[in-house]
Amino acid sequence: MSDQFFHIPSLRLESGETLADARVAYQTWGQLNEDRDNVVWVCHALTANADVLAWWPGLVGPGCYYDPADWFIICANVQGSCYGSTSPRDLDPATCQPRYQHFPLLTIRDLVTAHDLLRQDLELTDIHTLIGGSLGGQQALEWAVQRPDLFDHLVVIATNARHSAWGIAFNEAQRLAIEADPTYAAGQPGGGDEGLRAARAMALLSYRSYAAYAETQTDPDDDQLLPEHRASRYQRYQGDKLVARFDAYSYVALSRSMDSHHVGRNRGGVPAALRRIGARTLVLGITSDVLFPLSEQRELAAHIPGAMYAELDSRYGHDGFLLETAAITHFLERFYAPTFVH
Ligand SMILES: CC(=O)SCCNC(=O)CCNC(=O)[C@H](O)C(C)(C)COP(=O)(O)OP(=O)(O)OC[C@H]1O[C@@H](n2cnc3c(N)ncnc32)[C@H](O)[C@@H]1OP(=O)(O)O
Ligand SMILES: N[C@@H](CCO)C(=O)O
């Protein structure tokens, strides 16, 4: 499946700036039914793209819970990403130069604004389910707060109502690594790769857990002094793997978007904002998630009217939302069951 594109001549940002010639890359699967009420809108996380069948196998796709045979599934790439939507590599129409490290701050609200304009263009007025994890969950929550009547169901996994000091600090440490790369600071095409490599290695520490590292990356127990450790190789490999497919300028832009996330801003605080949500909601937390801990999931469930709360017991840490598709399916079956009382 290849991307389709929606163009926005001028995207007004929360900061008051505008982003000219904005572009949203998106993909769809399945058919709209006669009542146009079988829409599942998936919001992706930090480094994914519009191809949800590729990055959420086991949950979305033929034979999965969200099967295109039954649902009209849509996933759109966020502004700032390097996977087709407006990115820091695009030419700024005002200067005819790429913006690179000078890409404007796009808040989670701005990412949602762009996707809501796409939704309006596609004339989707009733979304059966809005679902996302991590940064995707942040967008989903923000959208559900903005448009209380649009979504019948909301599923948010391993996310929060406002990005935490802890999460912002992780992101800042990663940005420091990228900004220290002279090719990033110089605004070179493809700049920041060395910094991005280190940033991904840092981020992995927040996506996994002590137990997961102990289980998969402990060196063999022998008497030799090792010149290199298995866990070190893993960190380097993961850094290289991201550099091969992602862009440091986009990484910085999106981590700043994540830091901006606060559903309560100018809305009387987080509890008041969450109380606006009209969708029937499932909040799923992951027991080993150190980046978006269970306390944040409980806060969501406490304030979203009638929310169902469940904990997914996983050893994968935060990335469990991408990997634990069988358990997520189990909770979705309970959530959608007619016996669930709102
Ligand atoms: C164009 C695109 O691809 S975009 C879409 C893809 N990405 C996304 O959507 C983003 C979301 N996805 C992700 O973040 C990740 O893919 C996840 C979390 C789902 C899974 O992460 P993974 O890296 O596959 O899992 P894990 O941590 O178990 O690492 C496995 C990899 O590390 C390698 N590895 C494991 N231990 C070591 C080690 N000690 N030394 C070197 N390599 C190691 C494995 O061989 C494997 O390599 P492979 O990915 O080339 O097969
Ligand atoms: N593994 C995820 C982490 C952020 O949720 C990603 O790379 O998008």
# chains A, B, ... in the order shown; residues from 1 in each chain; ligands from 1
>>> residues_around(residues="stretch 71-81 of chain A", least_positions_apart="3", cutoff="6 Å", atoms="only C-alpha atoms", output="count of residues only")
22
>>> select_by_dssp(residues="stretch 56-220 of chain A", states="alpha helix (DSSP H)", output="ChimeraX atom specification")
/A:108-121,135-146,165-179,182-185,193-207,210-217
>>> closest_residue(among="A:Pro148, A:Glu34, A:Thr183, A:Ala327", to="A:Pro305", atoms="only C-alpha atoms")
A:Pro148
>>> residues_near_ligand(ligand="ligand 2", cutoff="7 Å", atoms="only C-alpha atoms and all ligand atoms", output="PyMOL selection string")
chain A and resi 45-48+133-135+207+318-319
>>> write_last_selection(atoms="N, CA and C atoms", output="CSV table (one decimal), in the first residue's frame")
chain,number,residue,atom,x,y,z
A,45,ALA,N,3.0,6.2,16.8
A,45,ALA,CA,3.9,6.8,17.8
A,45,ALA,C,5.1,7.4,17.2
A,46,LEU,N,6.1,7.7,17.9
A,46,LEU,CA,7.3,8.6,17.6
A,46,LEU,C,7.9,8.3,16.2
A,47,THR,N,8.3,7.0,15.9
A,47,THR,CA,9.1,6.8,14.7
A,47,THR,C,8.3,5.9,13.7
A,48,ALA,N,7.0,5.8,13.9
A,48,ALA,CA,6.3,4.9,12.9
A,48,ALA,C,5.8,5.8,11.8
A,133,GLY,N,-1.1,4.5,20.9
A,133,GLY,CA,-0.3,4.3,22.1
A,133,GLY,C,0.9,5.4,22.1
A,134,SER,N,1.4,5.7,23.3
A,134,SER,CA,2.5,6.6,23.4
A,134,SER,C,2.2,7.9,22.8
A,135,LEU,N,3.0,8.5,21.9
A,135,LEU,CA,2.7,9.7,21.2
A,135,LEU,C,1.4,9.6,20.5
A,207,TYR,N,12.3,2.5,26.9
A,207,TYR,CA,11.2,1.7,26.2
A,207,TYR,C,11.2,0.2,26.7
A,318,HIS,N,7.7,-0.1,28.0
A,318,HIS,CA,6.8,0.7,27.2
A,318,HIS,C,6.5,0.2,25.8
A,319,ASP,N,7.5,-0.4,25.1
A,319,ASP,CA,7.3,-0.9,23.8
A,319,ASP,C,6.3,-2.1,23.7
>>> closest_residue(among="A:Glu296, A:Glu123, A:Glu17, A:Glu215", to="ligand 1", atoms="only C-alpha atoms and all ligand atoms")
A:Glu215
>>> residues_near_ligand(ligand="ligand 1", cutoff="9 Å", atoms="only C-alpha atoms and all ligand atoms", output="ChimeraX atom specification")
/A:44-52,54-56,83,204,207-208,212,216-219,229-238,241-242,245-246,316,318-323
>>> atom_distance(atom1="atom CA of A:Pro93", atom2="atom CA of A:Ser257")
22.1 Å
>>> residues_around(residues="A:Ala248", least_positions_apart="3", cutoff="12 Å", atoms="only C-alpha atoms", output="ChimeraX atom specification")
/A:47,80-82,87-89,100-101,103,174-181,183-185,187-200,239,242-245,251-255
>>> write_last_selection(atoms="C-alpha atoms", output="mmCIF file, in the first residue's frame")
data_model
loop_
_atom_site.group_PDB
_atom_site.id
_atom_site.type_symbol
_atom_site.label_atom_id
_atom_site.label_comp_id
_atom_site.auth_asym_id
_atom_site.auth_seq_id
_atom_site.Cartn_x
_atom_site.Cartn_y
_atom_site.Cartn_z
ATOM 1 C CA THR A 47 9.073 6.805 14.704
ATOM 2 C CA GLY A 80 7.247 16.760 11.405
ATOM 3 C CA SER A 81 7.852 13.076 10.645
ATOM 4 C CA CYS A 82 10.113 12.009 7.797
ATOM 5 C CA SER A 87 9.000 17.542 7.520
ATOM 6 C CA PRO A 88 12.019 19.660 8.467
ATOM 7 C CA ARG A 89 13.612 18.527 5.200
ATOM 8 C CA TYR A 100 16.058 21.489 9.251
ATOM 9 C CA GLN A 101 16.854 22.469 12.863
ATOM 10 C CA PHE A 103 11.445 23.707 12.031
ATOM 11 C CA GLN A 174 18.419 12.769 23.518
ATOM 12 C CA ARG A 175 18.225 16.207 21.927
ATOM 13 C CA LEU A 176 21.488 17.130 23.640
ATOM 14 C CA ALA A 177 23.131 14.156 21.936
ATOM 15 C CA ILE A 178 21.748 15.184 18.536
ATOM 16 C CA GLU A 179 22.593 18.859 18.959
ATOM 17 C CA ALA A 180 26.174 17.925 19.848
ATOM 18 C CA ASP A 181 26.559 16.366 16.407
ATOM 19 C CA THR A 183 26.435 17.927 11.124
ATOM 20 C CA TYR A 184 23.098 18.610 12.830
ATOM 21 C CA ALA A 185 24.176 22.001 14.128
ATOM 22 C CA GLY A 187 22.012 22.021 9.154
ATOM 23 C CA GLN A 188 23.481 19.588 6.647
ATOM 24 C CA PRO A 189 21.289 17.273 4.559
ATOM 25 C CA GLY A 190 21.107 14.019 6.523
ATOM 26 C CA GLY A 191 22.767 15.803 9.445
ATOM 27 C CA GLY A 192 22.643 14.487 12.992
ATOM 28 C CA ASP A 193 22.977 10.772 12.281
ATOM 29 C CA GLU A 194 25.652 10.186 14.931
ATOM 30 C CA GLY A 195 23.589 12.091 17.467
ATOM 31 C CA LEU A 196 20.461 10.187 16.499
ATOM 32 C CA ARG A 197 22.283 6.906 17.003
ATOM 33 C CA ALA A 198 23.115 7.875 20.594
ATOM 34 C CA ALA A 199 19.615 9.274 21.143
ATOM 35 C CA ARG A 200 17.973 5.987 20.137
ATOM 36 C CA GLY A 239 21.058 3.062 17.152
ATOM 37 C CA LEU A 242 17.033 3.809 13.567
ATOM 38 C CA VAL A 243 19.627 5.866 11.680
ATOM 39 C CA ALA A 244 19.014 3.661 8.642
ATOM 40 C CA ARG A 245 15.337 4.625 8.538
ATOM 41 C CA TYR A 251 13.286 13.172 15.695
ATOM 42 C CA VAL A 252 13.953 16.501 17.409
ATOM 43 C CA ALA A 253 10.771 18.058 15.993
ATOM 44 C CA LEU A 254 8.587 15.174 17.184
ATOM 45 C CA SER A 255 10.187 14.943 20.607
#
>>> closest_residue(among="A:Ser164, A:Gln139, A:Thr18, A:Gln224", to="A:Leu291", atoms="only C-alpha atoms")
A:Ser164
>>> closest_residue(among="A:Leu284, A:Leu53, A:Leu130, A:Leu91", to="A:Leu300", atoms="only C-alpha atoms")
A:Leu284
>>> select_by_dssp(residues="stretch 38-94 of chain A", states="strand (DSSP E)", output="ChimeraX atom specification")
/A:39-43,72-76,91-92
>>> atom_distance(atom1="atom CA of A:Gln297", atom2="atom CA of A:Gly278")
17.8 Å
>>> closest_residue(among="A:Thr329, A:Leu122, A:Phe170, A:Asp21", to="A:Gln4", atoms="only C-alpha atoms")
A:Leu122
>>> residues_around(residues="A:Glu142", least_positions_apart="4", cutoff="10 Å", atoms="only C-alpha atoms", output="PyMOL selection string")
chain A and resi 108-109+111-113+136-138+146-147+161-162+261-264+273-274+277
>>> write_last_selection(atoms="all heavy atoms", output="short mmCIF file (atom, residue, chain, number, x, y, z; two decimals), in the first residue's frame")
data_model
loop_
_atom_site.label_atom_id
_atom_site.label_comp_id
_atom_site.auth_asym_id
_atom_site.auth_seq_id
_atom_site.Cartn_x
_atom_site.Cartn_y
_atom_site.Cartn_z
N ILE A 108 1.17 18.91 19.98
CA ILE A 108 0.28 17.78 19.70
C ILE A 108 -1.05 18.31 19.15
O ILE A 108 -1.65 17.71 18.26
CB ILE A 108 0.06 16.94 20.99
CG1 ILE A 108 1.37 16.26 21.42
CG2 ILE A 108 -1.06 15.90 20.79
CD1 ILE A 108 1.86 15.14 20.54
N ARG A 109 -1.47 19.46 19.63
CA ARG A 109 -2.72 20.05 19.09
C ARG A 109 -2.59 20.34 17.61
O ARG A 109 -3.54 20.19 16.84
CB ARG A 109 -3.08 21.32 19.86
CG ARG A 109 -3.49 21.01 21.28
CD ARG A 109 -3.95 22.23 22.05
NE ARG A 109 -4.04 21.85 23.47
CZ ARG A 109 -4.55 22.60 24.41
NH1 ARG A 109 -5.01 23.80 24.13
NH2 ARG A 109 -4.59 22.16 25.66
N LEU A 111 -0.66 18.73 15.48
CA LEU A 111 -0.69 17.45 14.76
C LEU A 111 -2.13 17.00 14.57
O LEU A 111 -2.53 16.50 13.51
CB LEU A 111 0.10 16.36 15.52
CG LEU A 111 1.53 16.68 15.99
CD1 LEU A 111 2.22 15.41 16.49
CD2 LEU A 111 2.36 17.32 14.89
N VAL A 112 -2.92 17.22 15.63
CA VAL A 112 -4.34 16.84 15.57
C VAL A 112 -5.09 17.74 14.59
O VAL A 112 -5.93 17.26 13.81
CB VAL A 112 -4.96 16.91 16.99
CG1 VAL A 112 -6.48 16.88 16.94
CG2 VAL A 112 -4.43 15.76 17.85
N THR A 113 -4.79 19.03 14.59
CA THR A 113 -5.48 19.95 13.66
C THR A 113 -5.31 19.46 12.22
O THR A 113 -6.27 19.42 11.44
CB THR A 113 -4.90 21.38 13.79
OG1 THR A 113 -5.06 21.81 15.13
CG2 THR A 113 -5.60 22.35 12.86
N GLY A 136 1.05 8.45 19.95
CA GLY A 136 -0.24 8.24 19.28
C GLY A 136 -1.39 8.37 20.27
O GLY A 136 -2.47 8.86 19.92
N GLY A 137 -1.17 7.92 21.49
CA GLY A 137 -2.20 8.06 22.53
C GLY A 137 -2.38 9.51 22.93
O GLY A 137 -3.49 9.96 23.22
N GLN A 138 -1.28 10.26 22.93
CA GLN A 138 -1.38 11.69 23.25
C GLN A 138 -2.26 12.40 22.23
O GLN A 138 -3.12 13.21 22.57
CB GLN A 138 0.02 12.32 23.30
CG GLN A 138 0.89 11.78 24.43
CD GLN A 138 2.29 12.40 24.45
OE1 GLN A 138 2.82 12.79 23.42
NE2 GLN A 138 2.88 12.46 25.63
N GLN A 146 -10.89 17.63 22.14
CA GLN A 146 -11.33 18.69 21.22
C GLN A 146 -12.69 18.41 20.61
O GLN A 146 -13.47 19.32 20.38
CB GLN A 146 -10.33 18.82 20.05
CG GLN A 146 -9.11 19.61 20.34
CD GLN A 146 -8.23 19.76 19.09
OE1 GLN A 146 -8.69 19.69 17.95
NE2 GLN A 146 -6.95 19.97 19.31
N ARG A 147 -12.95 17.13 20.28
CA ARG A 147 -14.16 16.77 19.54
C ARG A 147 -14.92 15.69 20.30
O ARG A 147 -14.94 14.51 19.90
CB ARG A 147 -13.79 16.27 18.14
CG ARG A 147 -12.96 17.22 17.28
CD ARG A 147 -13.71 18.52 17.00
NE ARG A 147 -15.02 18.25 16.46
CZ ARG A 147 -15.34 18.33 15.17
NH1 ARG A 147 -14.44 18.69 14.30
NH2 ARG A 147 -16.55 18.05 14.76
N ALA A 161 -1.81 12.38 29.92
CA ALA A 161 -2.62 13.57 29.64
C ALA A 161 -1.73 14.79 29.46
O ALA A 161 -2.13 15.77 28.82
CB ALA A 161 -3.59 13.82 30.81
N ARG A 162 -0.57 14.73 30.07
CA ARG A 162 0.38 15.83 29.97
C ARG A 162 1.76 15.18 30.03
O ARG A 162 1.99 14.31 30.90
CB ARG A 162 0.19 16.75 31.18
CG ARG A 162 1.20 17.83 31.28
CD ARG A 162 1.02 18.65 32.53
NE ARG A 162 1.96 19.76 32.52
CZ ARG A 162 2.03 20.71 33.45
NH1 ARG A 162 1.20 20.68 34.47
NH2 ARG A 162 2.92 21.67 33.34
N HIS A 261 2.79 18.32 24.96
CA HIS A 261 1.47 17.71 25.19
C HIS A 261 0.92 18.04 26.58
O HIS A 261 1.57 17.77 27.59
CB HIS A 261 1.59 16.19 25.04
CG HIS A 261 0.35 15.43 25.37
ND1 HIS A 261 -0.84 15.62 24.71
CD2 HIS A 261 0.10 14.48 26.30
CE1 HIS A 261 -1.76 14.82 25.20
NE2 HIS A 261 -1.22 14.12 26.18
N HIS A 262 -0.28 18.61 26.61
CA HIS A 262 -0.92 18.97 27.87
C HIS A 262 -2.39 19.24 27.55
O HIS A 262 -2.73 20.34 27.12
CB HIS A 262 -0.23 20.22 28.44
CG HIS A 262 -0.76 20.68 29.77
ND1 HIS A 262 -1.80 20.05 30.44
CD2 HIS A 262 -0.39 21.71 30.57
CE1 HIS A 262 -2.02 20.68 31.58
NE2 HIS A 262 -1.19 21.68 31.68
N VAL A 263 -3.23 18.23 27.76
CA VAL A 263 -4.64 18.42 27.37
C VAL A 263 -5.32 19.50 28.18
O VAL A 263 -6.34 20.06 27.78
CB VAL A 263 -5.47 17.11 27.47
CG1 VAL A 263 -5.01 16.06 26.48
CG2 VAL A 263 -5.49 16.55 28.89
N GLY A 264 -4.74 19.84 29.34
CA GLY A 264 -5.40 20.82 30.21
C GLY A 264 -5.02 22.27 29.95
O GLY A 264 -5.60 23.18 30.55
N ALA A 273 -10.28 18.90 31.46
CA ALA A 273 -10.19 18.57 30.02
C ALA A 273 -10.63 17.12 29.79
O ALA A 273 -11.41 16.83 28.88
CB ALA A 273 -8.77 18.77 29.53
N LEU A 274 -10.14 16.21 30.62
CA LEU A 274 -10.48 14.79 30.41
C LEU A 274 -11.97 14.54 30.61
O LEU A 274 -12.56 13.67 29.96
CB LEU A 274 -9.66 13.90 31.36
CG LEU A 274 -8.14 13.86 31.09
CD1 LEU A 274 -7.44 13.00 32.14
CD2 LEU A 274 -7.85 13.33 29.69
N ILE A 277 -14.36 14.33 27.55
CA ILE A 277 -14.36 13.22 26.58
C ILE A 277 -15.70 12.50 26.59
O ILE A 277 -16.19 12.08 27.65
CB ILE A 277 -13.19 12.24 26.87
CG1 ILE A 277 -11.85 12.97 26.57
CG2 ILE A 277 -13.31 10.96 26.05
CD1 ILE A 277 -10.61 12.16 26.90
#
